[in-house]
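See below for work-v5.txt, which holds compact mmCIF, N, CA and C atoms.
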# COMPACT_ATOMS: atom_id res chain seq x y z
N MET P 1 0.84 -1.18 0.00
CA MET P 1 0.00 0.00 0.00
C MET P 1 0.88 1.24 0.00
N LYS P 2 0.61 2.17 -0.88
CA LYS P 2 1.38 3.40 -0.99
C LYS P 2 0.93 4.39 0.06
N SER P 3 1.91 5.07 0.65
CA SER P 3 1.55 6.15 1.57
C SER P 3 1.77 7.48 0.87
N THR P 4 0.89 8.36 1.08
CA THR P 4 1.04 9.69 0.49
C THR P 4 1.40 10.67 1.57
N LEU P 5 2.33 11.52 1.26
CA LEU P 5 2.72 12.55 2.21
C LEU P 5 1.76 13.73 2.11
N ASN P 6 1.25 14.14 3.22
CA ASN P 6 0.38 15.30 3.26
C ASN P 6 1.22 16.49 3.67
N ARG P 7 1.80 17.18 2.71
CA ARG P 7 2.69 18.30 2.99
C ARG P 7 1.90 19.56 3.27
N GLN P 8 2.22 20.15 4.39
CA GLN P 8 1.60 21.42 4.76
C GLN P 8 2.35 22.55 4.07
N PRO P 9 1.66 23.61 3.66
CA PRO P 9 2.36 24.75 3.08
C PRO P 9 3.27 25.37 4.14
N PHE P 10 4.38 25.91 3.68
CA PHE P 10 5.34 26.53 4.60
C PHE P 10 4.73 27.79 5.22
N ASN P 11 4.93 27.98 6.50
CA ASN P 11 4.37 29.13 7.21
C ASN P 11 5.37 30.29 7.16
N TYR P 12 5.31 31.07 6.08
CA TYR P 12 6.23 32.19 5.91
C TYR P 12 6.02 33.27 6.97
N GLN P 13 4.79 33.46 7.41
CA GLN P 13 4.52 34.50 8.41
C GLN P 13 5.25 34.18 9.72
N ALA P 14 5.16 32.95 10.17
CA ALA P 14 5.84 32.56 11.41
C ALA P 14 7.35 32.65 11.26
N ALA P 15 7.86 32.23 10.11
CA ALA P 15 9.30 32.30 9.86
C ALA P 15 9.78 33.75 9.85
N LEU P 16 9.00 34.62 9.25
CA LEU P 16 9.33 36.04 9.18
C LEU P 16 9.37 36.65 10.58
N GLU P 17 8.37 36.34 11.39
CA GLU P 17 8.34 36.84 12.77
C GLU P 17 9.57 36.36 13.54
N HIS P 18 9.95 35.11 13.33
CA HIS P 18 11.12 34.55 14.01
C HIS P 18 12.40 35.28 13.58
N ILE P 19 12.56 35.50 12.29
CA ILE P 19 13.76 36.18 11.79
C ILE P 19 13.83 37.61 12.33
N ARG P 20 12.71 38.32 12.30
CA ARG P 20 12.69 39.70 12.79
C ARG P 20 13.08 39.76 14.26
N THR P 21 12.54 38.85 15.05
CA THR P 21 12.85 38.81 16.48
C THR P 21 14.29 38.38 16.74
N GLU P 22 14.72 37.33 16.04
CA GLU P 22 16.07 36.80 16.24
C GLU P 22 17.14 37.85 15.98
N TYR P 23 16.97 38.62 14.90
CA TYR P 23 17.98 39.61 14.53
C TYR P 23 17.66 41.01 15.05
N GLN P 24 16.59 41.18 15.78
CA GLN P 24 16.21 42.42 16.45
C GLN P 24 15.97 43.59 15.49
N PHE P 25 15.15 43.35 14.47
CA PHE P 25 14.74 44.40 13.55
C PHE P 25 13.36 44.90 13.94
N ASP P 26 13.04 46.13 13.57
CA ASP P 26 11.72 46.70 13.82
C ASP P 26 10.69 46.20 12.81
N PHE P 27 11.13 45.88 11.60
CA PHE P 27 10.22 45.56 10.50
C PHE P 27 10.83 44.45 9.66
N ALA P 28 9.97 43.57 9.17
CA ALA P 28 10.40 42.52 8.25
C ALA P 28 9.27 42.24 7.27
N SER P 29 9.65 41.96 6.03
CA SER P 29 8.65 41.68 5.01
C SER P 29 9.25 40.81 3.92
N ILE P 30 8.37 40.07 3.25
CA ILE P 30 8.78 39.27 2.10
C ILE P 30 7.95 39.70 0.91
N ALA P 31 8.65 40.06 -0.17
CA ALA P 31 7.99 40.37 -1.44
C ALA P 31 8.20 39.19 -2.38
N MET P 32 7.13 38.81 -3.07
CA MET P 32 7.21 37.71 -4.04
C MET P 32 6.27 37.99 -5.20
N TYR P 33 6.49 37.23 -6.27
CA TYR P 33 5.54 37.29 -7.37
C TYR P 33 4.18 36.79 -6.87
N GLU P 34 3.12 37.39 -7.37
CA GLU P 34 1.77 36.96 -6.95
C GLU P 34 1.42 35.57 -7.44
N SER P 35 2.02 35.17 -8.55
CA SER P 35 1.79 33.83 -9.07
C SER P 35 3.12 33.27 -9.58
N ASP P 36 3.08 32.08 -10.15
CA ASP P 36 4.30 31.45 -10.67
C ASP P 36 4.78 32.09 -11.97
N GLN P 37 4.01 32.99 -12.51
CA GLN P 37 4.37 33.66 -13.76
C GLN P 37 5.34 34.81 -13.48
N TYR P 38 6.45 34.86 -14.19
CA TYR P 38 7.44 35.91 -13.94
C TYR P 38 6.99 37.30 -14.37
N HIS P 39 5.93 37.38 -15.14
CA HIS P 39 5.41 38.70 -15.51
C HIS P 39 4.32 39.16 -14.54
N SER P 40 4.01 38.35 -13.55
CA SER P 40 2.98 38.74 -12.58
C SER P 40 3.53 39.82 -11.65
N PRO P 41 2.65 40.58 -11.01
CA PRO P 41 3.10 41.64 -10.10
C PRO P 41 3.88 41.07 -8.91
N ILE P 42 4.77 41.89 -8.40
CA ILE P 42 5.52 41.56 -7.20
C ILE P 42 4.92 42.40 -6.08
N LYS P 43 4.56 41.74 -4.97
CA LYS P 43 3.95 42.45 -3.85
C LYS P 43 4.55 41.99 -2.53
N TRP P 44 4.44 42.87 -1.54
CA TRP P 44 4.82 42.51 -0.18
C TRP P 44 3.72 41.61 0.35
N GLN P 45 4.01 40.33 0.50
CA GLN P 45 2.97 39.36 0.84
C GLN P 45 2.95 38.96 2.31
N PHE P 46 4.08 39.02 2.97
CA PHE P 46 4.16 38.69 4.39
C PHE P 46 4.87 39.83 5.10
N VAL P 47 4.30 40.31 6.20
CA VAL P 47 4.83 41.48 6.88
C VAL P 47 4.74 41.27 8.39
N ASP P 48 5.76 41.74 9.10
CA ASP P 48 5.75 41.69 10.56
C ASP P 48 6.37 42.98 11.08
N GLY P 49 5.74 43.57 12.09
CA GLY P 49 6.24 44.82 12.66
C GLY P 49 5.80 46.05 11.89
N ASN P 50 4.76 45.91 11.08
CA ASN P 50 4.30 47.03 10.25
C ASN P 50 3.52 48.06 11.07
N LEU P 51 3.58 49.30 10.59
CA LEU P 51 2.86 50.41 11.22
C LEU P 51 1.43 50.53 10.70
N ASN P 52 1.23 50.07 9.46
CA ASN P 52 -0.06 50.23 8.80
C ASN P 52 -0.19 49.16 7.72
N ASP P 53 -1.25 49.24 6.93
CA ASP P 53 -1.48 48.27 5.85
C ASP P 53 -1.22 48.83 4.46
N ARG P 54 -0.52 49.95 4.37
CA ARG P 54 -0.25 50.56 3.05
C ARG P 54 0.59 49.65 2.16
N TYR P 55 1.39 48.78 2.76
CA TYR P 55 2.22 47.85 1.97
C TYR P 55 1.38 47.04 1.00
N LYS P 56 0.10 46.80 1.34
CA LYS P 56 -0.78 46.00 0.48
C LYS P 56 -1.05 46.69 -0.85
N LEU P 57 -0.89 48.00 -0.89
CA LEU P 57 -1.15 48.77 -2.12
C LEU P 57 0.07 48.89 -3.02
N ILE P 58 1.24 48.51 -2.52
CA ILE P 58 2.48 48.67 -3.28
C ILE P 58 2.64 47.53 -4.27
N VAL P 59 2.78 47.87 -5.54
CA VAL P 59 3.06 46.90 -6.60
C VAL P 59 4.46 47.20 -7.12
N LEU P 60 5.32 46.20 -7.06
CA LEU P 60 6.72 46.37 -7.44
C LEU P 60 6.97 45.84 -8.84
N ARG P 61 8.04 46.34 -9.44
CA ARG P 61 8.45 45.85 -10.75
C ARG P 61 9.91 45.46 -10.67
N LYS P 62 10.25 44.36 -11.32
CA LYS P 62 11.64 43.89 -11.32
C LYS P 62 12.53 44.99 -11.89
N GLY P 63 13.57 45.34 -11.14
CA GLY P 63 14.50 46.38 -11.58
C GLY P 63 14.20 47.75 -11.00
N ASN P 64 13.02 47.92 -10.39
CA ASN P 64 12.64 49.22 -9.81
C ASN P 64 12.43 49.08 -8.31
N GLY P 65 12.83 50.09 -7.59
CA GLY P 65 12.63 50.09 -6.14
C GLY P 65 13.57 49.14 -5.45
N LEU P 66 13.43 49.06 -4.16
CA LEU P 66 14.32 48.25 -3.33
C LEU P 66 14.23 46.76 -3.69
N ALA P 67 13.05 46.19 -3.60
CA ALA P 67 12.88 44.77 -3.91
C ALA P 67 13.16 44.48 -5.39
N GLY P 68 12.73 45.36 -6.26
CA GLY P 68 12.95 45.16 -7.69
C GLY P 68 14.42 45.12 -8.06
N ASN P 69 15.23 45.97 -7.44
CA ASN P 69 16.67 45.98 -7.69
C ASN P 69 17.33 44.69 -7.19
N VAL P 70 16.92 44.25 -6.02
CA VAL P 70 17.48 43.02 -5.45
C VAL P 70 17.08 41.82 -6.30
N MET P 71 15.84 41.80 -6.78
CA MET P 71 15.40 40.69 -7.63
C MET P 71 16.16 40.68 -8.95
N LYS P 72 16.46 41.84 -9.46
CA LYS P 72 17.18 41.94 -10.74
C LYS P 72 18.64 41.53 -10.58
N THR P 73 19.31 42.01 -9.53
CA THR P 73 20.74 41.74 -9.37
C THR P 73 21.03 40.43 -8.65
N GLY P 74 20.10 39.97 -7.81
CA GLY P 74 20.33 38.76 -7.03
C GLY P 74 21.31 38.97 -5.89
N LYS P 75 21.52 40.23 -5.51
CA LYS P 75 22.48 40.55 -4.45
C LYS P 75 21.82 41.38 -3.35
N ARG P 76 22.38 41.26 -2.15
CA ARG P 76 21.89 42.05 -1.03
C ARG P 76 22.05 43.54 -1.31
N GLN P 77 21.14 44.30 -0.74
CA GLN P 77 21.25 45.76 -0.80
C GLN P 77 21.06 46.29 0.63
N VAL P 78 22.05 47.03 1.08
CA VAL P 78 22.03 47.59 2.43
C VAL P 78 21.95 49.11 2.32
N ILE P 79 21.03 49.70 3.06
CA ILE P 79 20.98 51.16 3.21
C ILE P 79 21.11 51.42 4.71
N GLU P 80 22.31 51.78 5.13
CA GLU P 80 22.57 51.96 6.56
C GLU P 80 21.92 53.22 7.13
N ASP P 81 21.78 54.25 6.29
CA ASP P 81 21.14 55.49 6.73
C ASP P 81 20.38 56.07 5.55
N VAL P 82 19.07 55.90 5.57
CA VAL P 82 18.21 56.35 4.46
C VAL P 82 18.39 57.85 4.22
N ASP P 83 18.47 58.63 5.29
CA ASP P 83 18.59 60.08 5.14
C ASP P 83 19.85 60.48 4.37
N GLN P 84 20.95 59.79 4.61
CA GLN P 84 22.20 60.11 3.92
C GLN P 84 22.26 59.50 2.52
N ALA P 85 21.68 58.31 2.36
CA ALA P 85 21.81 57.58 1.10
C ALA P 85 20.83 58.03 0.02
N LEU P 86 19.65 58.50 0.42
CA LEU P 86 18.60 58.80 -0.56
C LEU P 86 18.08 60.22 -0.39
N SER P 87 17.99 60.94 -1.50
CA SER P 87 17.36 62.26 -1.46
C SER P 87 15.85 62.06 -1.30
N MET P 88 15.14 63.13 -1.02
CA MET P 88 13.68 63.02 -0.89
C MET P 88 13.05 62.50 -2.18
N ASN P 89 13.54 62.96 -3.33
CA ASN P 89 13.01 62.47 -4.62
C ASN P 89 13.30 60.99 -4.81
N GLU P 90 14.50 60.54 -4.43
CA GLU P 90 14.85 59.13 -4.57
C GLU P 90 13.99 58.24 -3.68
N ARG P 91 13.62 58.74 -2.51
CA ARG P 91 12.80 57.95 -1.58
C ARG P 91 11.43 57.63 -2.16
N LEU P 92 10.97 58.46 -3.09
CA LEU P 92 9.68 58.19 -3.73
C LEU P 92 9.70 56.88 -4.51
N LYS P 93 10.89 56.44 -4.90
CA LYS P 93 11.05 55.18 -5.63
C LYS P 93 11.04 53.98 -4.69
N TYR P 94 11.02 54.24 -3.38
CA TYR P 94 11.05 53.20 -2.37
C TYR P 94 9.84 53.35 -1.44
N PRO P 95 8.64 53.06 -1.94
CA PRO P 95 7.44 53.32 -1.15
C PRO P 95 7.38 52.57 0.17
N ILE P 96 7.99 51.41 0.27
CA ILE P 96 7.96 50.68 1.53
C ILE P 96 8.74 51.44 2.61
N ILE P 97 9.82 52.11 2.22
CA ILE P 97 10.60 52.91 3.17
C ILE P 97 9.75 54.06 3.68
N LEU P 98 9.03 54.72 2.79
CA LEU P 98 8.18 55.84 3.19
C LEU P 98 7.00 55.39 4.04
N SER P 99 6.29 54.37 3.60
CA SER P 99 5.06 53.97 4.31
C SER P 99 5.36 53.36 5.68
N GLU P 100 6.53 52.77 5.86
CA GLU P 100 6.87 52.16 7.15
C GLU P 100 7.89 52.98 7.95
N ALA P 101 8.22 54.18 7.47
CA ALA P 101 9.13 55.09 8.17
C ALA P 101 10.46 54.41 8.51
N LEU P 102 11.02 53.70 7.54
CA LEU P 102 12.28 52.98 7.76
C LEU P 102 13.46 53.93 7.58
N THR P 103 14.44 53.80 8.45
CA THR P 103 15.63 54.66 8.38
C THR P 103 16.89 53.87 8.08
N ALA P 104 16.81 52.55 8.11
CA ALA P 104 17.91 51.66 7.72
C ALA P 104 17.29 50.37 7.21
N THR P 105 17.83 49.80 6.12
CA THR P 105 17.25 48.60 5.55
C THR P 105 18.32 47.62 5.08
N LEU P 106 17.92 46.37 5.06
CA LEU P 106 18.72 45.29 4.47
C LEU P 106 17.76 44.45 3.65
N ALA P 107 18.05 44.30 2.35
CA ALA P 107 17.21 43.51 1.47
C ALA P 107 18.02 42.32 0.97
N ILE P 108 17.46 41.12 1.13
CA ILE P 108 18.15 39.87 0.81
C ILE P 108 17.37 39.13 -0.27
N PRO P 109 18.05 38.73 -1.37
CA PRO P 109 17.35 37.98 -2.42
C PRO P 109 16.96 36.59 -1.92
N LEU P 110 15.81 36.13 -2.37
CA LEU P 110 15.33 34.79 -2.04
C LEU P 110 15.37 33.95 -3.31
N TRP P 111 16.36 33.09 -3.38
CA TRP P 111 16.57 32.23 -4.54
C TRP P 111 15.81 30.93 -4.37
N SER P 112 15.26 30.44 -5.46
CA SER P 112 14.69 29.11 -5.54
C SER P 112 15.22 28.51 -6.83
N GLY P 113 16.09 27.52 -6.70
CA GLY P 113 16.77 27.00 -7.88
C GLY P 113 17.70 28.06 -8.45
N HIS P 114 17.54 28.36 -9.72
CA HIS P 114 18.41 29.33 -10.39
C HIS P 114 17.76 30.69 -10.58
N ASN P 115 16.68 30.94 -9.86
CA ASN P 115 15.95 32.20 -10.03
C ASN P 115 15.68 32.88 -8.69
N VAL P 116 15.70 34.21 -8.73
CA VAL P 116 15.30 34.98 -7.57
C VAL P 116 13.78 35.10 -7.63
N LYS P 117 13.12 34.59 -6.61
CA LYS P 117 11.66 34.59 -6.61
C LYS P 117 11.07 35.52 -5.57
N GLY P 118 11.93 36.15 -4.77
CA GLY P 118 11.43 37.04 -3.75
C GLY P 118 12.55 37.81 -3.08
N VAL P 119 12.14 38.64 -2.11
CA VAL P 119 13.09 39.46 -1.36
C VAL P 119 12.63 39.49 0.09
N LEU P 120 13.60 39.31 0.98
CA LEU P 120 13.37 39.51 2.41
C LEU P 120 13.88 40.90 2.75
N LEU P 121 13.01 41.74 3.28
CA LEU P 121 13.40 43.09 3.68
C LEU P 121 13.36 43.18 5.19
N LEU P 122 14.46 43.62 5.78
CA LEU P 122 14.55 43.87 7.21
C LEU P 122 14.83 45.35 7.39
N GLY P 123 14.14 45.99 8.32
CA GLY P 123 14.32 47.43 8.47
C GLY P 123 14.28 47.91 9.91
N GLN P 124 14.87 49.08 10.11
CA GLN P 124 14.89 49.75 11.40
C GLN P 124 14.21 51.11 11.25
N ARG P 125 13.71 51.60 12.37
CA ARG P 125 13.09 52.92 12.43
C ARG P 125 13.86 53.78 13.44
N ASP P 126 13.51 55.06 13.47
CA ASP P 126 14.03 55.99 14.48
C ASP P 126 15.56 56.07 14.49
N HIS P 127 16.16 55.91 13.33
CA HIS P 127 17.62 56.03 13.15
C HIS P 127 18.42 55.02 13.95
N LYS P 128 17.79 53.90 14.31
CA LYS P 128 18.53 52.82 14.94
C LYS P 128 19.37 52.14 13.85
N PRO P 129 20.60 51.75 14.18
CA PRO P 129 21.43 51.07 13.17
C PRO P 129 20.94 49.64 12.94
N ILE P 130 21.38 49.07 11.85
CA ILE P 130 21.11 47.66 11.59
C ILE P 130 21.79 46.90 12.73
N PRO P 131 21.05 46.04 13.45
CA PRO P 131 21.55 45.47 14.70
C PRO P 131 22.75 44.53 14.60
N VAL P 132 22.94 43.91 13.46
CA VAL P 132 24.09 43.03 13.27
C VAL P 132 24.70 43.36 11.92
N HIS P 133 25.94 42.98 11.72
CA HIS P 133 26.56 43.19 10.41
C HIS P 133 25.76 42.40 9.38
N ALA P 134 25.52 42.99 8.24
CA ALA P 134 24.68 42.38 7.22
C ALA P 134 25.13 40.97 6.85
N ASP P 135 26.43 40.72 6.86
CA ASP P 135 26.94 39.39 6.51
C ASP P 135 26.65 38.33 7.56
N GLN P 136 26.27 38.75 8.76
CA GLN P 136 26.00 37.80 9.84
C GLN P 136 24.58 37.25 9.80
N ILE P 137 23.75 37.78 8.95
CA ILE P 137 22.37 37.30 8.85
C ILE P 137 22.33 36.16 7.85
N ASP P 138 21.94 34.99 8.35
CA ASP P 138 21.92 33.78 7.54
C ASP P 138 20.48 33.26 7.49
N ILE P 139 19.92 33.17 6.29
CA ILE P 139 18.54 32.72 6.14
C ILE P 139 18.45 31.24 5.79
N SER P 140 19.57 30.55 5.71
CA SER P 140 19.59 29.13 5.34
C SER P 140 18.66 28.33 6.23
N GLY P 141 17.74 27.63 5.61
CA GLY P 141 16.82 26.76 6.32
C GLY P 141 15.72 27.48 7.09
N LYS P 142 15.65 28.79 6.99
CA LYS P 142 14.66 29.55 7.76
C LYS P 142 13.43 29.95 6.96
N LEU P 143 13.54 29.92 5.62
CA LEU P 143 12.42 30.34 4.78
C LEU P 143 12.05 29.28 3.75
N GLY P 144 11.85 28.08 4.24
CA GLY P 144 11.41 27.00 3.36
C GLY P 144 12.39 26.71 2.25
N GLU P 145 11.89 26.74 1.02
CA GLU P 145 12.70 26.41 -0.15
C GLU P 145 13.74 27.46 -0.49
N PHE P 146 13.63 28.66 0.09
CA PHE P 146 14.48 29.76 -0.32
C PHE P 146 15.87 29.71 0.29
N THR P 147 16.85 30.10 -0.53
CA THR P 147 18.22 30.28 -0.09
C THR P 147 18.65 31.65 -0.56
N GLU P 148 19.85 32.06 -0.15
CA GLU P 148 20.33 33.36 -0.61
C GLU P 148 21.14 33.27 -1.90
N GLY P 149 21.50 32.13 -2.31
CA GLY P 149 22.29 31.97 -3.55
C GLY P 149 21.90 30.73 -4.29
N ILE P 150 22.52 30.58 -5.43
CA ILE P 150 22.22 29.42 -6.29
C ILE P 150 22.79 28.17 -5.67

Starting from the coordinates I provided, produce the structure as structure tokens.
Amino acid sequence: MKSTLNRQPFNYQAALEHIRTEYQFDFASIAMYESDQYHSPIKWQFVDGNLNDRYKLIVLRKGNGLAGNVMKTGKRQVIEDVDQALSMNERLKYPIILSEALTATLAIPLWSGHNVKGVLLLGQRDHKPIPVHADQIDISGKLGEFTEGI
């Protein structure tokens, strides 16, 4: 008799909450394609530590904005001080930074196989520094199928 495995979907929300708490960030979010189609919209789908629900209105495009740049390059992007790194006009291209009042961010690509399928964004508010060196944050085994590299 064959046994079938009843696989439960991965709980990204719980994993995100754990990562945010473990690394002591004020905000954490995961942006992914809405469907398996690469031309589908990219949205912030899982959020922890948010101030409001405006993130639900943000639609990202590959190559644009914080998550879009990370998805395009496949590399981490660190903004240690938003005020110094981005002019007011440049901040308009980063709606998640504006809507969540983030003053420091770390964006990590989420690879699945040979493709970047999402972005993990960790952020601080009130000019608090990123709590650990960006290289010390390891997502291996913490977000289901996702890794940081190929």

Which of segment 3-103 of chain P counts as strand (DSSP E) under DSSP, as a CSV table (one decimal) with N, CA and C atoms, in the coordinates of the input please?
chain,number,residue,atom,x,y,z
P,27,PHE,N,11.1,45.9,11.6
P,27,PHE,CA,10.2,45.6,10.5
P,27,PHE,C,10.8,44.4,9.7
P,28,ALA,N,10.0,43.6,9.2
P,28,ALA,CA,10.4,42.5,8.2
P,28,ALA,C,9.3,42.2,7.3
P,29,SER,N,9.6,42.0,6.0
P,29,SER,CA,8.6,41.7,5.0
P,29,SER,C,9.2,40.8,3.9
P,30,ILE,N,8.4,40.1,3.2
P,30,ILE,CA,8.8,39.3,2.1
P,30,ILE,C,8.0,39.7,0.9
P,31,ALA,N,8.6,40.1,-0.2
P,31,ALA,CA,8.0,40.4,-1.4
P,31,ALA,C,8.2,39.2,-2.4
P,32,MET,N,7.1,38.8,-3.1
P,32,MET,CA,7.2,37.7,-4.0
P,32,MET,C,6.3,38.0,-5.2
P,33,TYR,N,6.5,37.2,-6.3
P,33,TYR,CA,5.5,37.3,-7.4
P,33,TYR,C,4.2,36.8,-6.9
P,42,ILE,N,4.8,41.9,-8.4
P,42,ILE,CA,5.5,41.6,-7.2
P,42,ILE,C,4.9,42.4,-6.1
P,43,LYS,N,4.6,41.7,-5.0
P,43,LYS,CA,4.0,42.4,-3.8
P,43,LYS,C,4.6,42.0,-2.5
P,44,TRP,N,4.4,42.9,-1.5
P,44,TRP,CA,4.8,42.5,-0.2
P,44,TRP,C,3.7,41.6,0.4
P,45,GLN,N,4.0,40.3,0.5
P,45,GLN,CA,3.0,39.4,0.8
P,45,GLN,C,3.0,39.0,2.3
P,46,PHE,N,4.1,39.0,3.0
P,46,PHE,CA,4.2,38.7,4.4
P,46,PHE,C,4.9,39.8,5.1
P,47,VAL,N,4.3,40.3,6.2
P,47,VAL,CA,4.8,41.5,6.9
P,47,VAL,C,4.7,41.3,8.4
P,48,ASP,N,5.8,41.7,9.1
P,48,ASP,CA,5.8,41.7,10.6
P,48,ASP,C,6.4,43.0,11.1
P,59,VAL,N,2.8,47.9,-5.5
P,59,VAL,CA,3.1,46.9,-6.6
P,59,VAL,C,4.5,47.2,-7.1
P,60,LEU,N,5.3,46.2,-7.1
P,60,LEU,CA,6.7,46.4,-7.4
P,60,LEU,C,7.0,45.8,-8.8
P,77,GLN,N,21.1,44.3,-0.7
P,77,GLN,CA,21.2,45.8,-0.8
P,77,GLN,C,21.1,46.3,0.6
P,78,VAL,N,22.0,47.0,1.1
P,78,VAL,CA,22.0,47.6,2.4
P,78,VAL,C,22.0,49.1,2.3
P,79,ILE,N,21.0,49.7,3.1
P,79,ILE,CA,21.0,51.2,3.2
P,79,ILE,C,21.1,51.4,4.7

Under the rule that all atoms listed in the file are counted, which of P:Lys142, P:Lys93, P:Arg125, P:Arg20 is the nearest residue to Asp48 of chain P?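 Nearest candidate to Asp48 of chain P out of P:Lys142, P:Lys93, P:Arg125, P:Arg20: P:Arg20.
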
Using the chain letters and numbers from this document, which residues of segment 1-148 of chain P does DSSP assign to alpha helix (DSSP H), as number ranges by chain? P: 12-23, 65-73, 82-85, 88-91, 95-99

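Point (24.0, 34.1, -4.6) has the following residues at most 7 Å away: Gly74, Lys75, Glu148, Gly149 and Ile150 of chain P (atoms considered: all atoms listed in the file).
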
Would you output that residue set with N, CA and C atoms, as a PDB file, keeping the file's coordinate frame?
ATOM      1  N   GLY P  74      20.100  39.970  -7.810  1.00  0.00           N
ATOM      2  CA  GLY P  74      20.330  38.760  -7.030  1.00  0.00           C
ATOM      3  C   GLY P  74      21.310  38.970  -5.890  1.00  0.00           C
ATOM      4  N   LYS P  75      21.520  40.230  -5.510  1.00  0.00           N
ATOM      5  CA  LYS P  75      22.480  40.550  -4.450  1.00  0.00           C
ATOM      6  C   LYS P  75      21.820  41.380  -3.350  1.00  0.00           C
ATOM      7  N   GLU P 148      19.850  32.060  -0.150  1.00  0.00           N
ATOM      8  CA  GLU P 148      20.330  33.360  -0.610  1.00  0.00           C
ATOM      9  C   GLU P 148      21.140  33.270  -1.900  1.00  0.00           C
ATOM     10  N   GLY P 149      21.500  32.130  -2.310  1.00  0.00           N
ATOM     11  CA  GLY P 149      22.290  31.970  -3.550  1.00  0.00           C
ATOM     12  C   GLY P 149      21.900  30.730  -4.290  1.00  0.00           C
ATOM     13  N   ILE P 150      22.520  30.580  -5.430  1.00  0.00           N
ATOM     14  CA  ILE P 150      22.220  29.420  -6.290  1.00  0.00           C
ATOM     15  C   ILE P 150      22.790  28.170  -5.670  1.00  0.00           C
TER      16      ILE P 150
END

May I have the centre and edge lengths, in Å to one decimal, of an axis-aligned box around the listed atoms of segment 130-139 of chain P with 5 Å added to every side, as lines of an AutoDock Vina configuration file?
center_x = 22.7
center_y = 40.2
center_z = 10.2
size_x = 18.5
size_y = 27.8
size_z = 18.9

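Put simply, atom CA of Gln136 of chain P is 9.5 Å away from atom CA of Tyr23 of chain P.
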
Find the residues around Gly65 of chain P up to 7 Å (only C-alpha atoms counted), leave out those fewer than 2 positions away in its own chain, and share them as a PyMOL selection string. chain P and resi 63+67-69+93-94

Which residues are close to Lys128 of chain P, i.e. within 6.5 Å by all atoms listed in the file, leaving aside same-chain residues fewer than 4 positions away? Reply as a list in words. Thr103, Ala104 and Gln124 of chain P

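The gap separating atom N of Asp126 of chain P from atom N of Gln24 of chain P is 14.4 Å, in Å to one decimal.
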
Choose the residue, out of P:Pro129, P:Pro9, P:Val82, P:Asp36, that has the smallest atom-to-atom separation from Leu102 of chain P; count all atoms listed in the file. P:Val82

note - atom CA of Ser112 of chain P and atom C of Asp26 of chain P are separated by 25.4 Å

Which residue, P:Leu60, P:Ala85, P:Leu51, P:Ile19, has the smallest gap to Glu100 of chain P when you use all atoms listed in the file? P:Leu51

Just the residues within 7 Å of Thr105 of chain P, please, counting only C-alpha atoms, with nothing from its chain fewer than 6 positions along; format it as an NGL selection string. :P and (78-80 or 121-124)

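Nearest residue to Ser40 of chain P among P:Gly118, P:Arg61, P:Ile97, P:Glu145 is P:Arg61, counting only N, CA and C atoms.
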
List as a PDB file with N, CA and C atoms, in the coordinates of the input the protein and nucleic acid residues near segment 10-14 of chain P, meaning an atom at most 6.5 Å away when all atoms listed in the file are counted, but skip any in the same chain fewer than 2 places from it.
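So the final result, stored in out.pdb, reads:
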ATOM      1  N   GLN P   8       2.220  20.150   4.390  1.00  0.00           N
ATOM      2  CA  GLN P   8       1.600  21.420   4.760  1.00  0.00           C
ATOM      3  C   GLN P   8       2.350  22.550   4.070  1.00  0.00           C
ATOM      4  N   LEU P  16       9.000  34.620   9.250  1.00  0.00           N
ATOM      5  CA  LEU P  16       9.330  36.040   9.180  1.00  0.00           C
ATOM      6  C   LEU P  16       9.370  36.650  10.580  1.00  0.00           C
ATOM      7  N   GLU P  17       8.370  36.340  11.390  1.00  0.00           N
ATOM      8  CA  GLU P  17       8.340  36.840  12.770  1.00  0.00           C
ATOM      9  C   GLU P  17       9.570  36.360  13.540  1.00  0.00           C
ATOM     10  N   HIS P  18       9.950  35.110  13.330  1.00  0.00           N
ATOM     11  CA  HIS P  18      11.120  34.550  14.010  1.00  0.00           C
ATOM     12  C   HIS P  18      12.400  35.280  13.580  1.00  0.00           C
ATOM     13  N   ILE P  19      12.560  35.500  12.290  1.00  0.00           N
ATOM     14  CA  ILE P  19      13.760  36.180  11.790  1.00  0.00           C
ATOM     15  C   ILE P  19      13.830  37.610  12.330  1.00  0.00           C
ATOM     16  N   PHE P  46       4.080  39.020   2.970  1.00  0.00           N
ATOM     17  CA  PHE P  46       4.160  38.690   4.390  1.00  0.00           C
ATOM     18  C   PHE P  46       4.870  39.830   5.100  1.00  0.00           C
ATOM     19  N   VAL P  47       4.300  40.310   6.200  1.00  0.00           N
ATOM     20  CA  VAL P  47       4.830  41.480   6.880  1.00  0.00           C
ATOM     21  C   VAL P  47       4.740  41.270   8.390  1.00  0.00           C
ATOM     22  N   GLY P 144      11.850  28.080   4.240  1.00  0.00           N
ATOM     23  CA  GLY P 144      11.410  27.000   3.360  1.00  0.00           C
ATOM     24  C   GLY P 144      12.390  26.710   2.250  1.00  0.00           C
TER      25      GLY P 144
END

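Shortest separation to Leu66 of chain P among P:Ala28, P:Ile96, P:Gly49, P:Asp81 occurs at residue P:Ile96, atoms counted being only C-alpha atoms.
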
I need every residue sitting at most 7 Å from the point (4.7, 42.3, -2.8) (coordinates as in the file, all atoms listed in the file considered), written as number ranges by chain. P: 30-34, 41-46, 55, 58-60
